[in-house]
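Colleague: Sharing upload_34.cif (mmCIF, C-alpha atoms and all ligand atoms) below.
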```cif
data_coords
loop_
_atom_site.label_atom_id
_atom_site.label_comp_id
_atom_site.auth_asym_id
_atom_site.auth_seq_id
_atom_site.Cartn_x
_atom_site.Cartn_y
_atom_site.Cartn_z
CA MET A 1 87.02 106.90 92.05
CA ALA A 2 86.81 110.44 90.74
CA SER A 3 85.97 113.37 92.99
CA GLY A 4 82.54 115.05 92.78
CA ASP A 5 83.83 117.38 90.09
CA GLY A 6 85.37 114.44 88.16
CA LYS A 7 88.91 115.58 88.98
CA LYS A 8 91.42 112.74 89.19
CA VAL A 9 93.98 113.33 91.92
CA ALA A 10 96.77 110.84 92.61
CA LEU A 11 99.08 110.67 95.61
CA VAL A 12 102.28 108.68 95.03
CA THR A 13 104.59 107.78 97.90
CA GLY A 14 108.13 107.01 96.73
CA ILE A 15 107.57 109.26 93.70
CA ASN A 16 111.29 109.85 93.16
CA GLY A 17 112.05 106.13 93.02
CA GLN A 18 112.27 104.14 89.79
CA ASP A 19 108.57 103.20 89.68
CA GLY A 20 107.32 106.49 91.10
CA SER A 21 108.96 108.44 88.29
CA TYR A 22 107.41 106.29 85.54
CA LEU A 23 104.04 106.28 87.30
CA ALA A 24 104.06 110.07 87.64
CA GLU A 25 104.71 110.42 83.89
CA PHE A 26 101.96 107.92 83.12
CA LEU A 27 99.37 109.62 85.34
CA LEU A 28 100.21 113.14 84.10
CA ASN A 29 99.71 111.91 80.54
CA LYS A 30 96.28 110.62 81.60
CA GLY A 31 95.36 114.09 82.89
CA TYR A 32 95.73 113.41 86.62
CA GLU A 33 96.81 116.01 89.13
CA VAL A 34 99.81 114.21 90.64
CA HIS A 35 101.12 114.72 94.17
CA GLY A 36 104.24 112.99 95.40
CA ILE A 37 105.84 112.54 98.79
CA ILE A 38 109.61 113.00 98.99
CA ARG A 39 111.95 112.78 101.94
CA ARG A 40 114.22 115.57 102.94
CA ALA A 41 117.81 114.68 101.94
CA SER A 42 121.10 116.48 102.39
CA THR A 43 121.61 116.50 98.61
CA PHE A 44 119.16 116.83 95.72
CA ASN A 45 117.19 113.57 95.38
CA THR A 46 114.69 114.36 92.64
CA ASN A 47 116.77 113.71 89.52
CA ARG A 48 114.34 111.05 88.22
CA ILE A 49 111.42 113.49 88.27
CA ASP A 50 113.07 116.85 87.59
CA HIS A 51 111.94 116.70 83.94
CA LEU A 52 108.34 116.85 85.20
CA ARG A 53 108.98 120.28 86.69
CA VAL A 54 109.53 123.31 84.52
CA ASN A 55 111.71 124.63 87.28
CA PRO A 56 111.96 123.58 90.93
CA TYR A 57 109.19 125.98 91.89
CA GLU A 58 106.81 125.57 88.96
CA HIS A 59 105.16 122.22 88.31
CA LYS A 60 104.16 120.85 84.92
CA GLY A 61 100.86 122.32 83.74
CA GLY A 62 100.01 123.18 87.35
CA LYS A 63 99.43 119.48 87.88
CA PHE A 64 102.54 118.16 89.57
CA TYR A 65 103.22 118.81 93.26
CA LEU A 66 105.79 117.52 95.72
CA HIS A 67 105.34 117.38 99.50
CA TYR A 68 107.92 116.61 102.13
CA GLY A 69 106.92 113.59 104.17
CA ASP A 70 108.02 110.23 105.49
CA MET A 71 106.36 106.87 105.96
CA THR A 72 107.50 106.92 109.58
CA ASP A 73 105.53 110.13 110.32
CA SER A 74 101.76 109.58 110.63
CA SER A 75 100.91 113.23 111.14
CA CYS A 76 102.43 114.31 107.84
CA LEU A 77 100.50 111.57 106.02
CA VAL A 78 97.22 112.76 107.55
CA LYS A 79 98.00 116.40 106.71
CA ILE A 80 98.84 115.65 103.07
CA ILE A 81 95.84 113.39 102.50
CA SER A 82 93.36 115.74 104.15
CA LYS A 83 94.70 118.66 102.09
CA ILE A 84 94.73 117.06 98.63
CA ARG A 85 91.90 114.47 98.98
CA PRO A 86 93.41 111.96 96.53
CA THR A 87 91.10 109.79 94.44
CA GLU A 88 93.93 107.26 94.08
CA ILE A 89 96.88 106.53 96.38
CA TYR A 90 99.88 104.51 95.17
CA ASN A 91 102.06 103.32 98.05
CA LEU A 92 105.46 102.78 96.44
CA ALA A 93 107.67 104.12 99.25
CA ALA A 94 109.88 101.48 100.82
CA GLN A 95 113.32 100.56 101.99
CA SER A 96 113.36 98.38 98.90
CA HIS A 97 116.80 96.73 99.00
CA VAL A 98 116.59 93.11 100.13
CA LYS A 99 120.23 92.75 101.22
CA VAL A 100 120.15 96.09 103.09
CA SER A 101 117.06 94.87 104.97
CA PHE A 102 119.26 92.36 106.83
CA ASP A 103 121.28 95.31 108.20
CA LEU A 104 118.33 97.70 108.66
CA SER A 105 115.74 95.15 109.73
CA GLU A 106 113.84 97.30 112.24
CA TYR A 107 113.81 100.37 109.99
CA THR A 108 112.64 98.26 107.05
CA ALA A 109 109.71 97.01 109.14
CA GLU A 110 108.91 100.60 110.23
CA VAL A 111 108.74 101.89 106.67
CA ASP A 112 107.54 98.91 104.64
CA ALA A 113 105.15 97.28 107.13
CA VAL A 114 104.03 99.88 109.70
CA GLY A 115 104.35 102.65 107.08
CA THR A 116 101.65 100.95 105.02
CA LEU A 117 99.43 100.70 108.10
CA ARG A 118 100.02 104.41 108.83
CA LEU A 119 98.95 105.34 105.31
CA LEU A 120 95.79 103.20 105.48
CA ASP A 121 94.94 104.68 108.87
CA ALA A 122 95.56 108.20 107.56
CA ILE A 123 92.94 107.56 104.86
CA ARG A 124 90.48 106.48 107.56
CA THR A 125 91.37 109.40 109.84
CA CYS A 126 90.50 111.73 106.96
CA GLY A 127 87.20 109.88 106.42
CA LEU A 128 88.20 108.96 102.86
CA GLU A 129 87.92 105.16 103.02
CA ASP A 130 84.97 105.21 100.58
CA TYR A 131 86.67 107.77 98.35
CA SER A 132 90.39 107.02 97.86
CA LYS A 133 91.46 103.88 96.02
CA PHE A 134 94.67 102.32 97.33
CA TYR A 135 97.48 100.48 95.53
CA GLN A 136 100.11 98.58 97.54
CA ALA A 137 103.50 97.72 96.03
CA SER A 138 103.64 94.05 97.00
CA THR A 139 106.38 91.84 95.70
CA SER A 140 107.41 88.44 94.37
CA GLU A 141 109.87 88.34 97.30
CA LEU A 142 106.83 87.20 99.35
CA TYR A 143 107.14 83.78 97.67
CA GLY A 144 110.71 83.36 98.94
CA ASP A 145 111.71 79.73 99.19
CA VAL A 146 109.05 78.68 96.74
CA LYS A 147 108.09 75.14 95.76
CA ALA A 148 105.38 75.86 93.15
CA ILE A 149 106.38 76.80 89.60
CA PRO A 150 105.21 79.23 88.26
CA GLN A 151 103.91 81.50 91.04
CA ASN A 152 100.42 83.00 90.94
CA GLU A 153 97.95 84.62 93.37
CA GLU A 154 97.26 81.23 95.00
CA THR A 155 100.91 80.28 95.65
CA PRO A 156 101.78 80.17 99.39
CA PHE A 157 104.22 82.77 100.70
CA ASN A 158 107.50 81.81 102.36
CA PRO A 159 109.47 85.07 102.88
CA ARG A 160 113.28 84.90 103.14
CA SER A 161 114.34 88.37 104.31
CA PRO A 162 113.35 91.15 106.74
CA TYR A 163 112.21 93.06 103.62
CA ALA A 164 109.92 90.23 102.51
CA CYS A 165 108.55 89.76 106.06
CA ALA A 166 107.74 93.48 106.27
CA LYS A 167 106.06 93.38 102.86
CA LEU A 168 104.09 90.32 103.98
CA TYR A 169 102.60 92.34 106.85
CA ALA A 170 101.75 95.13 104.39
CA TYR A 171 100.12 92.63 102.01
CA TRP A 172 97.84 91.26 104.74
CA ILE A 173 96.96 94.62 106.32
CA VAL A 174 95.79 95.82 102.90
CA ILE A 175 93.52 92.78 102.60
CA ASN A 176 92.33 93.22 106.17
CA TYR A 177 91.39 96.88 105.62
CA ARG A 178 89.67 95.96 102.35
CA ASP A 179 87.55 93.37 104.17
CA ALA A 180 87.04 95.25 107.44
CA TYR A 181 86.30 98.73 106.08
CA ASN A 182 85.18 97.93 102.54
CA MET A 183 88.09 99.94 101.13
CA TYR A 184 89.09 99.75 97.46
CA ALA A 185 92.58 98.45 98.22
CA CYS A 186 94.72 96.20 95.98
CA ASN A 187 98.03 94.38 96.17
CA GLY A 188 100.09 94.31 93.00
CA ILE A 189 102.42 91.33 93.45
CA LEU A 190 105.07 92.60 91.06
CA PHE A 191 108.02 90.52 89.96
CA ASN A 192 111.38 92.27 89.39
CA HIS A 193 111.21 95.17 86.97
CA GLU A 194 114.13 97.21 85.80
CA SER A 195 114.96 100.16 83.54
CA PRO A 196 117.68 102.74 82.94
CA ARG A 197 116.29 104.45 86.07
CA ARG A 198 116.83 101.37 88.28
CA GLY A 199 118.71 102.09 91.53
CA GLU A 200 122.44 101.58 91.02
CA THR A 201 122.82 98.88 93.70
CA PHE A 202 120.29 96.41 92.29
CA VAL A 203 121.99 93.68 90.30
CA THR A 204 120.82 94.56 86.76
CA ARG A 205 121.82 98.21 87.00
CA LYS A 206 125.06 97.37 88.78
CA VAL A 207 125.90 95.08 85.85
CA THR A 208 124.95 97.51 83.06
CA ARG A 209 126.83 100.38 84.71
CA GLU A 210 129.99 98.32 85.23
CA VAL A 211 129.87 96.78 81.76
CA ALA A 212 129.47 100.28 80.29
CA LYS A 213 132.55 101.39 82.27
CA ILE A 214 134.54 98.38 81.05
CA HIS A 215 133.47 99.16 77.48
CA LEU A 216 134.80 102.70 77.82
CA GLY A 217 138.04 101.58 79.49
CA LEU A 218 137.02 103.03 82.86
CA SER A 219 137.02 99.68 84.71
CA GLU A 220 138.44 96.17 84.26
CA CYS A 221 136.45 93.79 86.41
CA LEU A 222 132.88 93.15 87.54
CA VAL A 223 132.38 91.79 91.08
CA LEU A 224 129.07 90.14 92.00
CA GLY A 225 127.41 87.81 94.50
CA ASN A 226 125.09 84.89 93.76
CA LEU A 227 125.10 84.36 89.98
CA ASN A 228 122.74 81.40 90.02
CA SER A 229 119.56 82.99 91.32
CA LYS A 230 116.85 83.34 88.71
CA ARG A 231 114.50 86.27 88.32
CA ASP A 232 111.50 87.15 86.16
CA TRP A 233 112.68 90.55 84.87
CA GLY A 234 110.38 93.01 83.08
CA HIS A 235 110.46 96.73 82.26
CA ALA A 236 109.24 99.20 84.92
CA ARG A 237 107.33 101.29 82.36
CA ASP A 238 105.09 98.32 81.52
CA TYR A 239 104.51 97.58 85.20
CA VAL A 240 103.27 101.04 86.27
CA GLU A 241 100.47 100.73 83.72
CA ALA A 242 99.40 97.53 85.50
CA MET A 243 99.31 99.43 88.82
CA TRP A 244 96.90 101.95 87.32
CA LEU A 245 94.77 99.27 85.65
CA MET A 246 94.31 97.51 89.01
CA LEU A 247 92.63 100.64 90.36
CA GLN A 248 90.30 100.96 87.36
CA GLN A 249 88.47 97.65 87.90
CA GLU A 250 84.95 97.28 89.25
CA LYS A 251 86.14 95.50 92.40
CA PRO A 252 89.46 95.60 94.28
CA ASP A 253 91.61 92.49 93.99
CA ASP A 254 95.24 91.30 94.09
CA PHE A 255 97.22 90.55 90.93
CA VAL A 256 100.54 89.02 89.95
CA ILE A 257 102.47 91.05 87.37
CA GLY A 258 105.46 89.53 85.58
CA THR A 259 106.70 88.32 82.22
CA GLY A 260 106.33 84.54 82.63
CA GLU A 261 110.03 84.13 81.73
CA THR A 262 112.96 83.57 84.05
CA HIS A 263 116.73 84.15 83.63
CA SER A 264 119.70 83.73 85.93
CA VAL A 265 121.91 86.60 87.06
CA LYS A 266 124.64 84.88 85.05
CA GLU A 267 122.53 85.06 81.87
CA PHE A 268 121.92 88.78 82.46
CA VAL A 269 125.68 89.32 82.78
CA GLU A 270 126.34 87.31 79.61
CA GLU A 271 123.81 89.36 77.62
CA ALA A 272 125.30 92.63 78.86
CA PHE A 273 128.83 91.57 77.85
CA SER A 274 127.65 90.22 74.52
CA TYR A 275 126.23 93.72 73.85
CA ILE A 276 129.80 95.10 73.95
CA GLY A 277 131.27 92.05 72.18
CA LYS A 278 133.32 90.70 75.10
CA THR A 279 133.86 87.15 76.37
CA ILE A 280 133.75 86.46 80.11
CA VAL A 281 136.25 84.73 82.36
CA TRP A 282 134.38 83.69 85.50
CA GLU A 283 136.48 83.79 88.69
CA GLY A 284 135.88 83.16 92.37
CA GLU A 285 134.01 80.87 94.72
CA GLY A 286 132.02 78.08 93.18
CA VAL A 287 132.75 79.27 89.65
CA ASP A 288 135.05 77.46 87.22
CA GLU A 289 138.11 79.44 86.27
CA VAL A 290 138.56 79.01 82.54
CA GLY A 291 140.19 80.79 79.62
CA ARG A 292 142.58 82.89 81.69
CA GLU A 293 144.69 83.82 78.66
CA LYS A 294 145.35 87.55 78.12
CA ASP A 295 143.01 88.82 75.45
CA SER A 296 141.54 92.31 75.03
CA ASP A 297 138.14 90.78 74.21
CA VAL A 298 138.09 88.87 77.50
CA VAL A 299 136.78 90.37 80.74
CA ARG A 300 136.91 89.06 84.30
CA VAL A 301 133.78 88.62 86.38
CA ARG A 302 134.56 87.78 89.98
CA VAL A 303 132.28 86.37 92.68
CA ASP A 304 132.69 87.86 96.15
CA THR A 305 130.79 86.35 99.07
CA LYS A 306 130.36 89.81 100.60
CA TYR A 307 127.45 90.25 98.18
CA PHE A 308 125.77 87.02 99.33
CA ARG A 309 122.67 87.28 101.52
CA PRO A 310 122.15 85.25 104.71
CA THR A 311 119.15 83.75 102.91
CA ASP A 312 118.45 84.38 99.23
CA VAL A 313 115.54 83.69 96.91
CA CYS A 314 116.79 81.25 94.28
CA PHE A 315 114.03 81.07 91.73
CA LEU A 316 111.10 83.24 90.66
CA LEU A 317 108.80 82.79 87.68
CA SER A 318 105.42 84.49 87.40
CA ASP A 319 102.08 83.35 86.08
CA PRO A 320 100.40 86.69 85.27
CA SER A 321 97.34 85.11 83.60
CA LYS A 322 94.84 86.60 86.10
CA ALA A 323 95.89 90.16 85.13
CA LYS A 324 95.76 89.23 81.44
CA LYS A 325 92.21 87.93 81.85
CA ALA A 326 90.95 90.77 84.07
CA PHE A 327 92.38 93.78 82.23
CA ASN A 328 94.34 92.41 79.29
CA TRP A 329 97.74 93.38 80.70
CA GLU A 330 100.82 91.96 79.01
CA PRO A 331 104.48 93.01 79.15
CA LYS A 332 105.73 94.76 76.00
CA VAL A 333 109.50 94.75 76.55
CA SER A 334 111.44 91.48 76.19
CA PHE A 335 114.42 90.43 78.33
CA LEU A 336 116.89 91.09 75.49
CA ASP A 337 115.39 94.53 74.74
CA LEU A 338 115.55 95.39 78.43
CA VAL A 339 119.28 94.56 78.64
CA LYS A 340 119.89 96.49 75.40
CA GLU A 341 118.03 99.61 76.59
CA MET A 342 119.88 99.61 79.92
CA MET A 343 123.25 99.09 78.21
CA GLU A 344 122.63 101.90 75.69
CA SER A 345 121.56 104.24 78.46
CA ASP A 346 124.52 103.49 80.75
CA ILE A 347 127.08 103.78 77.94
CA ALA A 348 125.61 107.20 77.05
CA LEU A 349 125.63 108.19 80.74
CA MET A 350 129.27 107.14 81.29
CA LYS A 351 130.40 108.93 78.12
CA LYS A 352 128.81 112.12 79.40
CA ASN A 353 130.03 111.71 82.96
CA PRO A 354 132.72 109.05 83.57
CA LEU A 355 132.43 109.63 87.32
CA ALA A 356 128.68 108.85 87.40
P1 LIG A 401 113.09 102.52 94.79
O1 LIG A 401 114.00 102.05 95.87
O2 LIG A 401 113.64 103.00 93.52
O3 LIG A 401 112.15 103.69 95.38
C1 LIG A 401 111.68 103.64 96.70
C2 LIG A 401 111.13 105.02 97.05
O4 LIG A 401 110.68 105.00 98.41
C3 LIG A 401 112.16 106.15 96.95
O5 LIG A 401 111.52 107.25 96.39
C4 LIG A 401 112.52 106.42 98.40
O6 LIG A 401 112.92 107.74 98.64
C5 LIG A 401 111.18 106.16 99.06
N1 LIG A 401 111.29 105.94 100.50
C6 LIG A 401 112.12 105.09 101.14
N2 LIG A 401 111.95 105.18 102.46
C7 LIG A 401 111.00 106.13 102.67
C8 LIG A 401 110.40 106.70 103.82
N3 LIG A 401 110.77 106.33 105.05
N4 LIG A 401 109.45 107.64 103.65
C9 LIG A 401 109.11 108.06 102.41
N5 LIG A 401 109.64 107.57 101.28
C10 LIG A 401 110.58 106.61 101.41
O7 LIG A 401 112.05 101.32 94.54
P2 LIG A 401 111.25 100.95 93.19
O8 LIG A 401 110.77 102.17 92.55
O9 LIG A 401 112.04 99.96 92.45
O10 LIG A 401 110.03 100.14 93.82
C11 LIG A 401 108.82 100.80 94.21
C12 LIG A 401 108.07 99.95 95.21
O11 LIG A 401 107.76 98.69 94.63
C13 LIG A 401 108.85 99.63 96.48
O12 LIG A 401 107.91 99.57 97.53
C14 LIG A 401 109.42 98.24 96.23
O13 LIG A 401 109.62 97.56 97.45
C15 LIG A 401 108.30 97.62 95.42
N6 LIG A 401 108.67 96.60 94.47
C16 LIG A 401 109.66 96.85 93.53
C17 LIG A 401 109.94 95.92 92.57
C18 LIG A 401 111.01 96.16 91.56
O14 LIG A 401 111.46 95.18 90.92
N7 LIG A 401 111.43 97.39 91.31
C19 LIG A 401 109.21 94.63 92.51
C20 LIG A 401 108.18 94.50 93.50
C21 LIG A 401 107.92 95.45 94.44
P3 LIG A 401 114.47 108.21 98.52
O15 LIG A 401 114.70 108.44 97.04
O16 LIG A 401 114.52 109.43 99.33
O17 LIG A 401 115.31 107.09 99.04
P1 LIG A 402 115.95 91.47 94.46
O1 LIG A 402 116.89 92.34 93.49
O2 LIG A 402 116.65 91.06 95.69
O3 LIG A 402 115.33 90.41 93.62
O4 LIG A 402 114.86 92.56 94.90
P2 LIG A 402 118.47 92.48 93.37
O5 LIG A 402 118.71 93.03 92.03
O6 LIG A 402 119.04 93.19 94.54
O7 LIG A 402 118.99 90.95 93.45
C1 LIG A 402 118.60 89.97 92.50
C2 LIG A 402 119.46 88.74 92.67
O8 LIG A 402 120.79 89.04 92.25
C3 LIG A 402 121.70 88.50 93.19
N1 LIG A 402 122.97 89.23 93.13
C4 LIG A 402 123.17 90.52 93.47
N2 LIG A 402 122.29 91.46 93.90
C5 LIG A 402 122.78 92.71 94.13
N3 LIG A 402 121.92 93.67 94.51
N4 LIG A 402 124.10 93.02 93.98
C6 LIG A 402 125.02 92.09 93.57
O9 LIG A 402 126.20 92.38 93.45
C7 LIG A 402 124.53 90.79 93.28
N5 LIG A 402 125.11 89.65 92.84
C8 LIG A 402 124.16 88.73 92.75
C9 LIG A 402 120.99 88.62 94.53
O10 LIG A 402 121.57 87.76 95.50
C10 LIG A 402 119.57 88.23 94.11
O11 LIG A 402 119.43 86.84 94.15
C11 LIG A 402 114.28 93.46 93.96
C12 LIG A 402 113.92 94.74 94.71
O12 LIG A 402 113.50 95.71 93.77
C13 LIG A 402 112.79 94.49 95.68
O13 LIG A 402 112.34 95.73 96.23
C14 LIG A 402 111.63 93.82 94.94
O14 LIG A 402 110.58 93.54 95.85
C15 LIG A 402 112.10 92.56 94.26
O15 LIG A 402 113.15 92.89 93.36
C16 LIG A 402 110.99 91.89 93.45
#
```
The structure given in the file should be rewritten as structure tokens.
Modeller:
Amino acid sequence: MASGDGKKVALVTGINGQDGSYLAEFLLNKGYEVHGIIRRASTFNTNRIDHLRVNPYEHKGGKFYLHYGDMTDSSCLVKIISKIRPTEIYNLAAQSHVKVSFDLSEYTAEVDAVGTLRLLDAIRTCGLEDYSKFYQASTSELYGDVKAIPQNEETPFNPRSPYACAKLYAYWIVINYRDAYNMYACNGILFNHESPRRGETFVTRKVTREVAKIHLGLSECLVLGNLNSKRDWGHARDYVEAMWLMLQQEKPDDFVIGTGETHSVKEFVEEAFSYIGKTIVWEGEGVDEVGREKDSDVVRVRVDTKYFRPTDVCFLLSDPSKAKKAFNWEPKVSFLDLVKEMMESDIALMKKNPLA
């Protein structure tokens, strides 16, 4: 929806996360006034979006604004929404790390589940349910221990973590508010998407950072958890366009977004090492120890059970045909190009700052 004067105003929660930063760029390029919610932190936490600000006090073209807020604080959500009257709201904020959600289970539910409810209720409190369109960052983690291959909008959910359970609540409350209050609210069921801006503790970025360090002689060994799980990995830049497209349709609906290709963690590691021309010696639990001879072209990858999750998701593969049919969305970046872009970026980063 556009406001009476045709102005397009977006509010993005989690704007300084991986997806938030790409989405902000995308929306600014489309002429939106973009508002983002950031949390107060004891150190600077806006490095992914600093290029969108001319200086910390002056926002790009007068169109980029940051507000302090938190998904656990209803009153701040109401204040921000009533002040800026967004035509589109993208709810990307989350405690988004699956393994961490086993340690921070209650907090994850507060932010990812109840936080979504707070945001939807804030829209209603401001009387904007017929005005603001709503995007919810749902996830392929909802499928969990999945039996159907590939997974689409009809596949039953079977969540396997506190994170996935919290996101399942958010998924259903979005549908409930759409039905109950006739809100334009959509779930994007996005499969894993990565980029050079991916958080450092997710497996792809952990791998490309460590392989870059090994390449530059700054490290000798990569230590990981479950190498056998398979993921459908795409590029975050492609996926934020799908978020926007979902809000431009005649009617609100839920869509799966993915590549339709799946690769194991082990394959990702192999591609990253092949980029720097090294051969891998796999070590550790459940992995054959082979080729232990000393060779400068050989690198050790060790498995440590401390990175295992109490319950993991073993296999994910999307069927994004509904999004293709509805708004002609297709991923542009292949798996190999994704690994290459992340490797190039992390090697450049480590050369500039070996302590990064
Ligand atoms: P990130 O972890 O990179 O970003 C999450 C953002 O949420 C950060 O900006 C973080 O702020 C913010 N946030 C966390 N807790 C709160 C809180 N209590 N109040 C306000 N903001 C908060 O995630 P991604 O960008 O990768 O993902 C975006 C969304 O999409 C998330 O909801 C994620 O669960 C979901 N998703 C991601 C997929 C992926 O593969 N990337 C796939 C499917 C869904 P801070 O920087 O201060 O920590
Ligand atoms: P995921 O991403 O759990 O799919 O959630 P992550 O990269 O954390 O794990 C993917 C798979 O890799 C295995 N793995 C490891 N994972 C991490 N983080 N660190 C390791 O050392 C490691 N070794 C092996 C994991 O066990 C897992 O099987 C991401 C997040 O962005 C969610 O917010 C999002 O909803 C889903 O993707 C779709």
Colleague: Using only C-alpha atoms and all ligand atoms, find the one residue out of A:Asn176, A:Thr305, A:Gln249, A:Ser75 that sits nearest to ligand LIG 402 (chain A).
Modeller: A:Thr305
Colleague: Using all atoms listed in the file, which residue out of A:Gln95, A:Thr311, A:Ser101, A:Asn187 lies closest to Asn226 of chain A?
Modeller: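 Using all atoms listed in the file, the shortest distance to Asn226 of chain A belongs to A:Thr311.
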Colleague: Which residues form the shell of 6 Å around ligand LIG 401 (chain A) when you count only C-alpha atoms and all ligand atoms, given as a list in words?
Modeller: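 Going residue by residue within 6 Å of ligand LIG 401 (chain A), we get Gly14, Ile15, Asn16, Gly17, Gln18, Asp19, Gly20, Ile38, Arg39, Asn45, Asp70, Met71, Thr72, Leu92, Ala93, Ala94, Gln95, Ser96, Val111, Ala137, Ser138, Thr139, Leu190, Phe191, Asn192, His193 and Gly199 of chain A.
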Colleague: Between A:Val98, A:Ile276, A:Val301, A:Leu218, which residue has the minimum interatomic distance to ligand LIG 402 (chain A), considering all atoms listed in the file?
Modeller: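 When distances to ligand LIG 402 (chain A) are compared using all atoms listed in the file, the smallest one comes from A:Val98.
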Colleague: List all protein, DNA and RNA residues that have any atom at most 8 Å from ligand LIG 402 (chain A), counting all atoms listed in the file, and write the list as a VMD selection string.
Modeller: chain A and resid 94 to 99 138 to 141 163 to 164 190 to 193 201 to 206 223 to 231 265 303 307 to 309 312 to 314
Colleague: Excluding segment 335-351 of chain A and any residue of its chain fewer than 5 positions from it, enumerate the residues within 6 Å of it, using all atoms listed in the file, and give them as a PDB file with C-alpha atoms, in the frame of the given file.
Modeller:
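This went into around30.pdb:
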```
ATOM      1  CA  PRO A 196     117.680 102.740  82.940  1.00  0.00           C
ATOM      2  CA  THR A 208     124.950  97.510  83.060  1.00  0.00           C
ATOM      3  CA  ARG A 209     126.830 100.380  84.710  1.00  0.00           C
ATOM      4  CA  ALA A 212     129.470 100.280  80.290  1.00  0.00           C
TER       5      ALA A 212
END
```
Colleague: Excluding Ser132 of chain A and any residue of its chain fewer than 5 positions from it, enumerate the residues within 10 Å of it, using only C-alpha atoms, and give them as a compact mmCIF listing (two decimals) with C-alpha atoms, in the frame of the given file.
Modeller:
```
# COMPACT_ATOMS: atom_id res chain seq x y z
CA MET A 1 87.02 106.90 92.05
CA ALA A 2 86.81 110.44 90.74
CA SER A 3 85.97 113.37 92.99
CA VAL A 9 93.98 113.33 91.92
CA ALA A 10 96.77 110.84 92.61
CA LEU A 11 99.08 110.67 95.61
CA ILE A 81 95.84 113.39 102.50
CA ARG A 85 91.90 114.47 98.98
CA PRO A 86 93.41 111.96 96.53
CA THR A 87 91.10 109.79 94.44
CA GLU A 88 93.93 107.26 94.08
CA ILE A 89 96.88 106.53 96.38
CA ILE A 123 92.94 107.56 104.86
CA ARG A 124 90.48 106.48 107.56
CA GLY A 127 87.20 109.88 106.42
CA MET A 183 88.09 99.94 101.13
CA TYR A 184 89.09 99.75 97.46
CA ALA A 185 92.58 98.45 98.22
```
Colleague: Can you work out the spacing between atom CA of Ile257 of chain A and atom CA of Gly234 of chain A in Å, to one decimal?
Modeller: 9.2 Å
Colleague: Under the rule that all atoms listed in the file are counted, which of A:Ala122, A:Ala242, A:Cys186, A:Ala180 is the nearest residue to Phe134 of chain A?
Modeller: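 The answer is A:Cys186, which sits nearest to Phe134 of chain A.
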Colleague: From the list A:Phe273, A:Tyr107, A:Tyr171, A:Tyr181, which residue is nearest Leu128 of chain A when using only C-alpha atoms?
Modeller: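 Ranking A:Phe273, A:Tyr107, A:Tyr171, A:Tyr181 by distance to Leu128 of chain A, first place goes to A:Tyr181.
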Colleague: Pick from A:Lys332, A:Arg160, A:Lys352, A:His35: nearest to Ile84 of chain A, with all atoms listed in the file counted?
Modeller: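 Between A:Lys332, A:Arg160, A:Lys352, A:His35, the residue approaching Ile84 of chain A most closely is A:His35.
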Colleague: Rounded to one decimal in Å, what is the spacing between atom CA of Leu66 of chain A and atom CA of Thr43 of chain A?
Modeller: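 About the pair atom CA of Leu66 of chain A and atom CA of Thr43 of chain A: they are 16.1 Å apart.
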Colleague: For atom CA of His67 of chain A and atom CA of Ile37 of chain A, determine how far apart the two atoms are, in Å to one decimal place.
Modeller: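 Pair atom CA of His67 of chain A / atom CA of Ile37 of chain A returns 4.9 Å.
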Colleague: Excluding Glu106 of chain A and its own-chain neighbours fewer than 2 positions away, which residues fall within 12 Å of it when counting all atoms listed in the file? Please give them as a PyMOL selection string.
Modeller: chain A and resi 72+95+100-104+108-114+161-163+165-166
Colleague: Need to verify the contact set: Tyr22 of chain A, 8 Å, all atoms listed in the file, exclusion of same-chain residues closer than 3 positions in sequence. Can you return it as a ChimeraX atom specification?
Modeller: /A:18-19,25-26,236-237,240
Colleague: Using all atoms of segment 327-338 of chain A listed in the file and a margin of 3 Å per side, can you give the axis-aligned box centre and edge lengths in Å to one decimal, as lines of an AutoDock Vina configuration file?
Modeller:
```
center_x = 104.6
center_y = 92.9
center_z = 78.5
size_x = 30.5
size_y = 11.0
size_z = 13.5
```
Colleague: When you look at Asn91 of chain A with a cut-off of 6 Å (counting all atoms listed in the file), what residues show up, excluding the ones that are within fewer than 4 positions of it in the same chain? I need them as number ranges by chain.
Modeller: A: 13, 135-136
